[in-house]
Number of protein chains: 4
Amino acid sequence: MTAGPEAVRAARGEWRRSQIVDAATALLSTQGYHQMSVNDLAQEAGISVGTVYQYVKNKEDILLLVMRDILEAYRHNVPRAMEGFDDPLDRLSSGFGAYCRVVDSRRAGTILAYRESSTLAKDALSEMKSLEEETTGLLVTCLRECVEAGILHEHDSDTLAWDLTMLAHMWSLKHWHFGSRMSIDEYARLQFAVVVSAIIHQEVTTRYEYLARPLHRLR
Amino acid sequence: MTAGPEAVRAARGEWRRSQIVDAATALLSTQGYHQMSVNDLAQEAGISVGTVYQYVKNKEDILLLVMRDILEAYRHNVPRAMEGFDDPLDRLSSGFGAYCRVVDSRRAGTILAYRESSTLAKDALSEMKSLEEETTGLLVTCLRECVEAGILHEHDSDTLAWDLTMLAHMWSLKHWHFGSRMSIDEYARLQFAVVVSAIIHQEVTTRYEYLARPLHRLR
Amino acid sequence: MTAGPEAVRAARGEWRRSQIVDAATALLSTQGYHQMSVNDLAQEAGISVGTVYQYVKNKEDILLLVMRDILEAYRHNVPRAMEGFDDPLDRLSSGFGAYCRVVDSRRAGTILAYRESSTLAKDALSEMKSLEEETTGLLVTCLRECVEAGILHEHDSDTLAWDLTMLAHMWSLKHWHFGSRMSIDEYARLQFAVVVSAIIHQEVTTRYEYLARPLHRLR
Amino acid sequence: MTAGPEAVRAARGEWRRSQIVDAATALLSTQGYHQMSVNDLAQEAGISVGTVYQYVKNKEDILLLVMRDILEAYRHNVPRAMEGFDDPLDRLSSGFGAYCRVVDSRRAGTILAYRESSTLAKDALSEMKSLEEETTGLLVTCLRECVEAGILHEHDSDTLAWDLTMLAHMWSLKHWHFGSRMSIDEYARLQFAVVVSAIIHQEVTTRYEYLARPLHRLR
DNA sequence: GATGAATGAGTTTTCATTCAT
DNA sequence: GATGAATGAAAACTCATTCAT
């Protein structure tokens, strides 16, 4: 069962592109996008400039590849982590935890997304935004379900979903502060508790203590 | 009482530098630091390139000037807003509000700080970090005082202070989302409530309802 | 009578080279030599770059092939058109007509010869020049025969032969002007009349009216 | 009477641009446009690349400058040479002579116009064409006046004007042939005679023998 | 002190050519 | 013989910085 030549080509393309993404991520974490020359990138990736341009349209395309890689990781891991939970707050917690773990696994890339999104052309930027909104949308939905289930108070779900997202990103953005003080799982649990305890119904706090235990009892 | 020639020089320097900061801020809000050429900047400022370089060592120096301008605004406005309150939670609320208003008044600059910090040289970067920590430190102190006063539960004050800072910055970072939905004052009040209601003592909620009213009653 | 393997190889070579010339001619008519990449050429020819380089030393070689193709067409068609005429002016007219028709059939190539001759290396250039002089030489000879036959006045045959050549090329070079106004045969007849009527003996004008009818009676 | 700073700037611009045109003409006469790198050009002109780009938008702009220089020379010299003649055939002769002398003075540029016109963008090309047509138009008008004055037979003035133009250009295009055999003035007289004697009225040939002496009596 | 023309190192991108499969 | 991915030298162009006026 031999694969056709297009399959081979596609596979090589994937491989090359991942080489490029890896090298770019490595370089971009220590320097800015503008500081990184394509020649440097090629060297880091162990290939020639010409080869880079065989798999990438522009330098901007490299950025796009890196950012798409992160956003795709969200899009893949977050929904998967939310499957199989009947309780909406459990679901939310699991989703947020997954989100944080993706952030942790691509810290450089997350920072990049903040730093360089203005570099992207109009349509690339809106592609990125809609990918981001897709994942945030899952959190919004889940928050609404918690309200319907009587777990959380009526509130501005949009804002709180963005708060969760932002606090997850903060793990990257302020990693120089948090990295040495706690693990990503502790961080996720802590920040989840901050947001949720602000809106949880008094009556169910005990039931969900394992998720959103009052902060003063977390440690 | 004539000022010496050095005083004249210093004053002119101040003036020129503020011209430069203003022009840079204007340009940087629509384009990145790397997209902004020093020629553009000079034109925007209405002076010549040569003059720019008379008051600035580098292009990086311009960035530094702009960022320092913001951080100085924090350093000046936040403490001033915290003066004259006996109650530590009132003080915290007022400080956070001031912080948010500075963020609002220099939205472009705030984004800049995230985008371009990697551009800065080592020592410039740590100067910026220590300026930022100085202001965050005020919030940390205040949170501790709230704990001592029995208003807030014992908690990780560092983390929560950074949460407050981060959520303030979020007004800039996600302004495309929030800008059209609420005013900066509503935003400040909302986010303050989120963080504080997570750790406020049950017994004092009523007393501080004007500050940290449960979210479901905020609107 | 089986052909030896070298014969097979030579035949394949011919075929490949003609593929290349055809593709090159097609591309060169819409874009310049420098704008045409060897990859484009290979694609147009339906073969791979590697194969192109198996039958061609350089990119310049491709240019040479195309130009040689035109000059060979002159070398082949012009003498053939001049065969079988007793009268030297008839012969000249037929030769010039054939020359014009070759120009018309390879308009792109003719322009190319003007555009890109500076691209050719020294020896390639002189090869081209001597091929061109070979054909022009036929016209020179014929003009001289006309003089000997008492049809044309004594004149500078070299110059007039080049005039004829140049005016033939002009059909390509200014095709945007002439293309829509007359056919190639009308054009050939017109220009032939211009040159010949300048030197024809008064006494024979009537005899040759079918060839070099005074311009004012041409239409 | 001091000139304003804009005047100074404009003058410098003129000077720089003429430096660039001169250097470009020199290089382009020995190599093609594509072979000429902007770095080479700058070196030849004795200035830096940066300076070149301060006075020129693109590399294509350089080509444009060179070609415009020639076409402007036609536009200036040809009408001037045609002034002050009552007789239209005298006028035509003088205009053609001037045209040929411009060709001679910018031989490299004339070849360039043939070689590189396809390199120009659409609108630049049509600017060039209309400049060329402007000058050719003068010849067309003059030919028509000769017809009206009963000097020349009714004929296709457009075609003959282009023939004159083409034959003038030929002095550049085939200079390797003609350059060593005659002067530009002899050449102009010869080619003028070729074209005109094809259409001159029998009755006036004697009158204009100084202009269009039958070719067999030219030498 | 102010100006802005000049500089040239450095960046992105292309493409002729090679060579392992 | 045929393929086409890989190469890297070379080109156009930019822009931070300097310095003569």
# chains A, B, ... in the order shown; residues from 1 in each chain; ligands from 1

call {"tool": "residues_around", "arguments": {"residues": "stretch 3-20 of chain F", "least_positions_apart": "3", "cutoff": "9 Å", "atoms": "only C-alpha atoms (C1' of nucleotides)", "output": "PDB file with N, CA, C and O atoms (P, O5', C5', C4', C3', O3' and C1' of nucleotides), in the first residue's frame"}}
result
ATOM      1  N   ILE A  47      18.565  24.187   7.868  1.00  0.00           N
ATOM      2  CA  ILE A  47      18.304  24.120   6.435  1.00  0.00           C
ATOM      3  C   ILE A  47      18.731  25.447   5.798  1.00  0.00           C
ATOM      4  O   ILE A  47      19.160  26.357   6.497  1.00  0.00           O
ATOM      5  N   SER A  48      18.605  25.536   4.480  1.00  0.00           N
ATOM      6  CA  SER A  48      19.027  26.767   3.812  1.00  0.00           C
ATOM      7  C   SER A  48      17.861  27.742   3.673  1.00  0.00           C
ATOM      8  O   SER A  48      16.699  27.344   3.756  1.00  0.00           O
ATOM      9  N   VAL A  49      18.201  28.999   3.467  1.00  0.00           N
ATOM     10  CA  VAL A  49      17.152  30.011   3.294  1.00  0.00           C
ATOM     11  C   VAL A  49      16.209  29.613   2.177  1.00  0.00           C
ATOM     12  O   VAL A  49      14.991  29.774   2.294  1.00  0.00           O
ATOM     13  N   GLY A  50      16.791  29.137   1.097  1.00  0.00           N
ATOM     14  CA  GLY A  50      15.981  28.756  -0.050  1.00  0.00           C
ATOM     15  C   GLY A  50      14.930  27.736   0.341  1.00  0.00           C
ATOM     16  O   GLY A  50      13.769  27.832  -0.074  1.00  0.00           O
ATOM     17  N   THR A  51      15.325  26.782   1.149  1.00  0.00           N
ATOM     18  CA  THR A  51      14.384  25.744   1.580  1.00  0.00           C
ATOM     19  C   THR A  51      13.270  26.350   2.430  1.00  0.00           C
ATOM     20  O   THR A  51      12.106  25.972   2.292  1.00  0.00           O
ATOM     21  N   GLN A  54      10.735  27.677   0.311  1.00  0.00           N
ATOM     22  CA  GLN A  54       9.991  26.699  -0.458  1.00  0.00           C
ATOM     23  C   GLN A  54       8.729  26.263   0.303  1.00  0.00           C
ATOM     24  O   GLN A  54       7.784  25.766  -0.290  1.00  0.00           O
TER      25      GLN A  54
ATOM     26  N   SER B  37       9.969  54.604  11.448  1.00  0.00           N
ATOM     27  CA  SER B  37      11.341  55.024  11.181  1.00  0.00           C
ATOM     28  C   SER B  37      11.621  56.334  11.911  1.00  0.00           C
ATOM     29  O   SER B  37      10.703  57.096  12.217  1.00  0.00           O
ATOM     30  N   VAL B  38      12.871  56.556  12.213  1.00  0.00           N
ATOM     31  CA  VAL B  38      13.240  57.770  12.932  1.00  0.00           C
ATOM     32  C   VAL B  38      12.917  59.004  12.090  1.00  0.00           C
ATOM     33  O   VAL B  38      12.565  60.053  12.619  1.00  0.00           O
ATOM     34  N   ASN B  39      12.982  58.861  10.774  1.00  0.00           N
ATOM     35  CA  ASN B  39      12.595  59.964   9.905  1.00  0.00           C
ATOM     36  C   ASN B  39      11.116  60.312  10.084  1.00  0.00           C
ATOM     37  O   ASN B  39      10.761  61.485  10.212  1.00  0.00           O
ATOM     38  N   GLY B  50      18.381  65.058  12.911  1.00  0.00           N
ATOM     39  CA  GLY B  50      19.552  65.465  13.671  1.00  0.00           C
ATOM     40  C   GLY B  50      19.187  65.907  15.072  1.00  0.00           C
ATOM     41  O   GLY B  50      19.839  65.521  16.048  1.00  0.00           O
ATOM     42  N   TYR B  53      18.427  63.090  17.398  1.00  0.00           N
ATOM     43  CA  TYR B  53      19.616  62.425  17.917  1.00  0.00           C
ATOM     44  C   TYR B  53      20.419  63.280  18.886  1.00  0.00           C
ATOM     45  O   TYR B  53      21.355  62.808  19.507  1.00  0.00           O
ATOM     46  N   ASN B  58      19.774  56.583  20.950  1.00  0.00           N
ATOM     47  CA  ASN B  58      19.460  55.477  20.048  1.00  0.00           C
ATOM     48  C   ASN B  58      18.017  55.534  19.638  1.00  0.00           C
ATOM     49  O   ASN B  58      17.240  56.251  20.257  1.00  0.00           O
ATOM     50  N   LYS B  59      17.664  54.679  18.732  1.00  0.00           N
ATOM     51  CA  LYS B  59      16.236  54.498  18.511  1.00  0.00           C
ATOM     52  C   LYS B  59      15.644  53.815  19.750  1.00  0.00           C
ATOM     53  O   LYS B  59      14.545  54.134  20.183  1.00  0.00           O
TER      54      LYS B  59
ATOM     55  N   ILE C  47       8.304  19.381 -18.641  1.00  0.00           N
ATOM     56  CA  ILE C  47       9.379  18.511 -18.174  1.00  0.00           C
ATOM     57  C   ILE C  47       9.964  19.089 -16.883  1.00  0.00           C
ATOM     58  O   ILE C  47       9.523  20.131 -16.427  1.00  0.00           O
ATOM     59  N   SER C  48      10.927  18.423 -16.308  1.00  0.00           N
ATOM     60  CA  SER C  48      11.488  18.908 -15.048  1.00  0.00           C
ATOM     61  C   SER C  48      12.729  19.768 -15.309  1.00  0.00           C
ATOM     62  O   SER C  48      13.334  19.692 -16.384  1.00  0.00           O
ATOM     63  N   VAL C  49      13.074  20.585 -14.333  1.00  0.00           N
ATOM     64  CA  VAL C  49      14.256  21.438 -14.474  1.00  0.00           C
ATOM     65  C   VAL C  49      15.482  20.614 -14.786  1.00  0.00           C
ATOM     66  O   VAL C  49      16.299  20.990 -15.625  1.00  0.00           O
ATOM     67  N   GLY C  50      15.597  19.509 -14.086  1.00  0.00           N
ATOM     68  CA  GLY C  50      16.741  18.643 -14.290  1.00  0.00           C
ATOM     69  C   GLY C  50      16.881  18.238 -15.742  1.00  0.00           C
ATOM     70  O   GLY C  50      17.979  18.261 -16.311  1.00  0.00           O
ATOM     71  N   THR C  51      15.768  17.883 -16.348  1.00  0.00           N
ATOM     72  CA  THR C  51      15.794  17.481 -17.745  1.00  0.00           C
ATOM     73  C   THR C  51      16.227  18.632 -18.643  1.00  0.00           C
ATOM     74  O   THR C  51      16.979  18.433 -19.596  1.00  0.00           O
TER      75      THR C  51
ATOM     76  N   SER D  37      23.670  46.080 -11.648  1.00  0.00           N
ATOM     77  CA  SER D  37      23.108  46.148 -10.295  1.00  0.00           C
ATOM     78  C   SER D  37      23.141  47.597  -9.811  1.00  0.00           C
ATOM     79  O   SER D  37      23.964  48.398 -10.261  1.00  0.00           O
ATOM     80  N   VAL D  38      22.248  47.902  -8.927  1.00  0.00           N
ATOM     81  CA  VAL D  38      22.160  49.276  -8.429  1.00  0.00           C
ATOM     82  C   VAL D  38      23.441  49.628  -7.671  1.00  0.00           C
ATOM     83  O   VAL D  38      23.865  50.784  -7.662  1.00  0.00           O
ATOM     84  N   GLY D  50      22.317  54.366  -1.126  1.00  0.00           N
ATOM     85  CA  GLY D  50      21.307  55.128  -0.409  1.00  0.00           C
ATOM     86  C   GLY D  50      20.990  56.423  -1.129  1.00  0.00           C
ATOM     87  O   GLY D  50      19.821  56.800  -1.266  1.00  0.00           O
ATOM     88  N   TYR D  53      18.825  55.962  -4.136  1.00  0.00           N
ATOM     89  CA  TYR D  53      17.419  55.764  -3.812  1.00  0.00           C
ATOM     90  C   TYR D  53      16.750  57.007  -3.227  1.00  0.00           C
ATOM     91  O   TYR D  53      15.557  57.015  -3.011  1.00  0.00           O
ATOM     92  N   ASN D  58      12.653  53.472  -7.833  1.00  0.00           N
ATOM     93  CA  ASN D  58      12.997  52.056  -8.075  1.00  0.00           C
ATOM     94  C   ASN D  58      14.165  51.965  -9.003  1.00  0.00           C
ATOM     95  O   ASN D  58      14.578  52.959  -9.575  1.00  0.00           O
ATOM     96  N   LYS D  59      14.542  50.739  -9.244  1.00  0.00           N
ATOM     97  CA  LYS D  59      15.502  50.541 -10.319  1.00  0.00           C
ATOM     98  C   LYS D  59      14.851  50.916 -11.648  1.00  0.00           C
ATOM     99  O   LYS D  59      15.477  51.511 -12.516  1.00  0.00           O
TER     100      LYS D  59
ATOM    101  P    DA E   6      22.952  64.348  -1.069  1.00  0.00           P
ATOM    102  O5'  DA E   6      23.759  63.379  -0.104  1.00  0.00           O
ATOM    103  C5'  DA E   6      24.996  63.833   0.438  1.00  0.00           C
ATOM    104  C4'  DA E   6      25.634  62.702   1.221  1.00  0.00           C
ATOM    105  C3'  DA E   6      25.731  61.377   0.458  1.00  0.00           C
ATOM    106  O3'  DA E   6      27.077  60.920   0.497  1.00  0.00           O
ATOM    107  C1'  DA E   6      24.687  61.056   2.581  1.00  0.00           C
ATOM    108  P    DT E   7      27.465  59.577  -0.220  1.00  0.00           P
ATOM    109  O5'  DT E   7      27.429  58.531   0.964  1.00  0.00           O
ATOM    110  C5'  DT E   7      28.218  58.786   2.117  1.00  0.00           C
ATOM    111  C4'  DT E   7      27.913  57.758   3.183  1.00  0.00           C
ATOM    112  C3'  DT E   7      28.001  56.310   2.684  1.00  0.00           C
ATOM    113  O3'  DT E   7      29.065  55.670   3.363  1.00  0.00           O
ATOM    114  C1'  DT E   7      26.056  56.660   4.003  1.00  0.00           C
ATOM    115  P    DT E  11      20.474  41.777   9.647  1.00  0.00           P
ATOM    116  O5'  DT E  11      19.019  41.684   9.019  1.00  0.00           O
ATOM    117  C5'  DT E  11      18.187  42.861   8.892  1.00  0.00           C
ATOM    118  C4'  DT E  11      17.248  42.699   7.722  1.00  0.00           C
ATOM    119  C3'  DT E  11      16.882  41.248   7.401  1.00  0.00           C
ATOM    120  O3'  DT E  11      15.499  40.995   7.627  1.00  0.00           O
ATOM    121  C1'  DT E  11      17.487  42.456   5.424  1.00  0.00           C
ATOM    122  P    DT E  13      10.119  38.554   2.577  1.00  0.00           P
ATOM    123  O5'  DT E  13      10.713  38.086   1.186  1.00  0.00           O
ATOM    124  C5'  DT E  13      10.859  39.082   0.149  1.00  0.00           C
ATOM    125  C4'  DT E  13      11.690  38.527  -0.967  1.00  0.00           C
ATOM    126  C3'  DT E  13      11.250  37.149  -1.481  1.00  0.00           C
ATOM    127  O3'  DT E  13      10.756  37.343  -2.785  1.00  0.00           O
ATOM    128  C1'  DT E  13      13.608  37.349  -1.366  1.00  0.00           C
ATOM    129  P    DT E  14      10.176  36.116  -3.599  1.00  0.00           P
ATOM    130  O5'  DT E  14      11.252  35.904  -4.759  1.00  0.00           O
ATOM    131  C5'  DT E  14      11.796  37.060  -5.377  1.00  0.00           C
ATOM    132  C4'  DT E  14      12.955  36.642  -6.242  1.00  0.00           C
ATOM    133  C3'  DT E  14      12.656  35.450  -7.147  1.00  0.00           C
ATOM    134  O3'  DT E  14      13.163  35.820  -8.418  1.00  0.00           O
ATOM    135  C1'  DT E  14      14.608  35.034  -5.904  1.00  0.00           C
ATOM    136  P    DT E  17      22.739  28.794 -14.800  1.00  0.00           P
ATOM    137  O5'  DT E  17      22.964  27.567 -13.804  1.00  0.00           O
ATOM    138  C5'  DT E  17      23.785  27.766 -12.659  1.00  0.00           C
ATOM    139  C4'  DT E  17      23.687  26.573 -11.741  1.00  0.00           C
ATOM    140  C3'  DT E  17      23.877  25.202 -12.392  1.00  0.00           C
ATOM    141  O3'  DT E  17      25.034  24.620 -11.813  1.00  0.00           O
ATOM    142  C1'  DT E  17      22.134  25.166 -10.825  1.00  0.00           C
ATOM    143  P    DT E  18      25.612  23.265 -12.296  1.00  0.00           P
ATOM    144  O5'  DT E  18      25.371  22.315 -11.046  1.00  0.00           O
ATOM    145  C5'  DT E  18      25.655  22.822  -9.757  1.00  0.00           C
ATOM    146  C4'  DT E  18      25.150  21.867  -8.696  1.00  0.00           C
ATOM    147  C3'  DT E  18      25.502  20.400  -8.932  1.00  0.00           C
ATOM    148  O3'  DT E  18      25.896  19.873  -7.686  1.00  0.00           O
ATOM    149  C1'  DT E  18      23.194  20.598  -8.633  1.00  0.00           C
ATOM    150  P    DT E  21      20.211   9.570  -1.344  1.00  0.00           P
ATOM    151  O5'  DT E  21      19.009   9.274  -2.339  1.00  0.00           O
ATOM    152  C5'  DT E  21      17.795   9.994  -2.171  1.00  0.00           C
ATOM    153  C4'  DT E  21      16.858   9.633  -3.305  1.00  0.00           C
ATOM    154  C3'  DT E  21      16.617   8.130  -3.454  1.00  0.00           C
ATOM    155  O3'  DT E  21      15.258   7.836  -3.121  1.00  0.00           O
ATOM    156  C1'  DT E  21      16.942   9.202  -5.562  1.00  0.00           C
TER     157       DT E  21
END

call {"tool": "closest_atom_pairs", "arguments": {"of": "chain A", "to": "chain B", "cutoff": "7 Å", "atoms": "only C-alpha atoms", "output": "Markdown table"}}
result
| residue | atom | partner | partner_atom | distance |
| --- | --- | --- | --- | --- |
| A:Gln31 | CA | B:Ser118 | CA | 6.2 |
| A:Gly32 | CA | B:Ser118 | CA | 6.0 |
| A:Tyr114 | CA | B:Arg115 | CA | 6.4 |
| A:Arg115 | CA | B:Arg115 | CA | 3.8 |
| A:Glu116 | CA | B:Arg115 | CA | 6.7 |
| A:Ser118 | CA | B:Gly32 | CA | 7.0 |
| A:His153 | CA | B:His216 | CA | 5.8 |
| A:Glu154 | CA | B:His216 | CA | 5.4 |
| A:His155 | CA | B:His216 | CA | 5.2 |
| A:Val194 | CA | B:Ala198 | CA | 5.4 |
| A:Val195 | CA | B:Val194 | CA | 6.3 |
| A:Ser197 | CA | B:Ala198 | CA | 5.1 |
| A:Ala198 | CA | B:Ala198 | CA | 4.9 |
| A:Ile199 | CA | B:Leu215 | CA | 6.5 |
| A:Leu215 | CA | B:His155 | CA | 6.3 |
| A:His216 | CA | B:His155 | CA | 5.2 |

call {"tool": "select_by_dssp", "arguments": {"residues": "stretch 127-163 of chain C", "states": "alpha helix (DSSP H)", "output": "number ranges by chain"}}
result
C: 127-148, 157-163

call {"tool": "residues_around", "arguments": {"residues": "stretch 65-76 of chain D", "least_positions_apart": "6", "cutoff": "7 Å", "atoms": "only C-alpha atoms (C1' of nucleotides)", "output": "VMD selection string"}}
result
chain D and resid 21 25 99 102 106 109 113 131 to 132 135

call {"tool": "write_last_selection", "arguments": {"atoms": "C-alpha atoms", "output": "PDB file, in the first residue's frame"}}
result
ATOM      1  CA  VAL D  21      21.495  59.076 -15.826  1.00  0.00           C
ATOM      2  CA  THR D  25      23.887  55.217 -19.660  1.00  0.00           C
ATOM      3  CA  TYR D  99      16.748  63.323 -35.212  1.00  0.00           C
ATOM      4  CA  VAL D 102      20.239  62.952 -31.353  1.00  0.00           C
ATOM      5  CA  ARG D 106      22.807  58.904 -27.342  1.00  0.00           C
ATOM      6  CA  GLY D 109      20.257  55.061 -24.883  1.00  0.00           C
ATOM      7  CA  ALA D 113      14.922  51.945 -25.581  1.00  0.00           C
ATOM      8  CA  LEU D 131       6.600  61.008 -26.282  1.00  0.00           C
ATOM      9  CA  GLU D 132       7.841  59.031 -29.263  1.00  0.00           C
ATOM     10  CA  THR D 135       8.080  63.540 -32.445  1.00  0.00           C
TER      11      THR D 135
END

call {"tool": "closest_residue", "arguments": {"among": "B:Gln202, B:Met128, B:Tyr55, B:Ala10", "to": "E:DA2", "atoms": "only C-alpha atoms (C1' of nucleotides)"}}
result
B:Tyr55

call {"tool": "interface_residues", "arguments": {"of": "chain E", "to": "chain B", "cutoff": "12 Å", "atoms": "only C-alpha atoms (C1' of nucleotides)", "output": "PyMOL selection string"}}
result
chain E and resi 1-5

call {"tool": "closest_residue", "arguments": {"among": "D:Met82, D:Val140, D:Val103, D:Leu64", "to": "D:Ser126", "atoms": "only C-alpha atoms"}}
result
D:Leu64

call {"tool": "residues_around", "arguments": {"residues": "A:Asp185", "least_positions_apart": "3", "cutoff": "9 Å", "atoms": "only C-alpha atoms (C1' of nucleotides)", "output": "PyMOL selection string"}}
result
chain A and resi 97+100-101+182+188-190

call {"tool": "write_last_selection", "arguments": {"atoms": "C-alpha atoms", "output": "compact mmCIF listing (two decimals), in the first residue's frame"}}
result
# COMPACT_ATOMS: atom_id res chain seq x y z
CA GLY A 97 -6.80 23.55 33.09
CA CYS A 100 -3.33 26.64 30.97
CA ARG A 101 -1.34 23.57 30.10
CA MET A 182 4.17 27.34 41.71
CA ALA A 188 -4.59 26.99 37.10
CA ARG A 189 -6.42 25.92 40.23
CA LEU A 190 -5.66 29.20 41.96
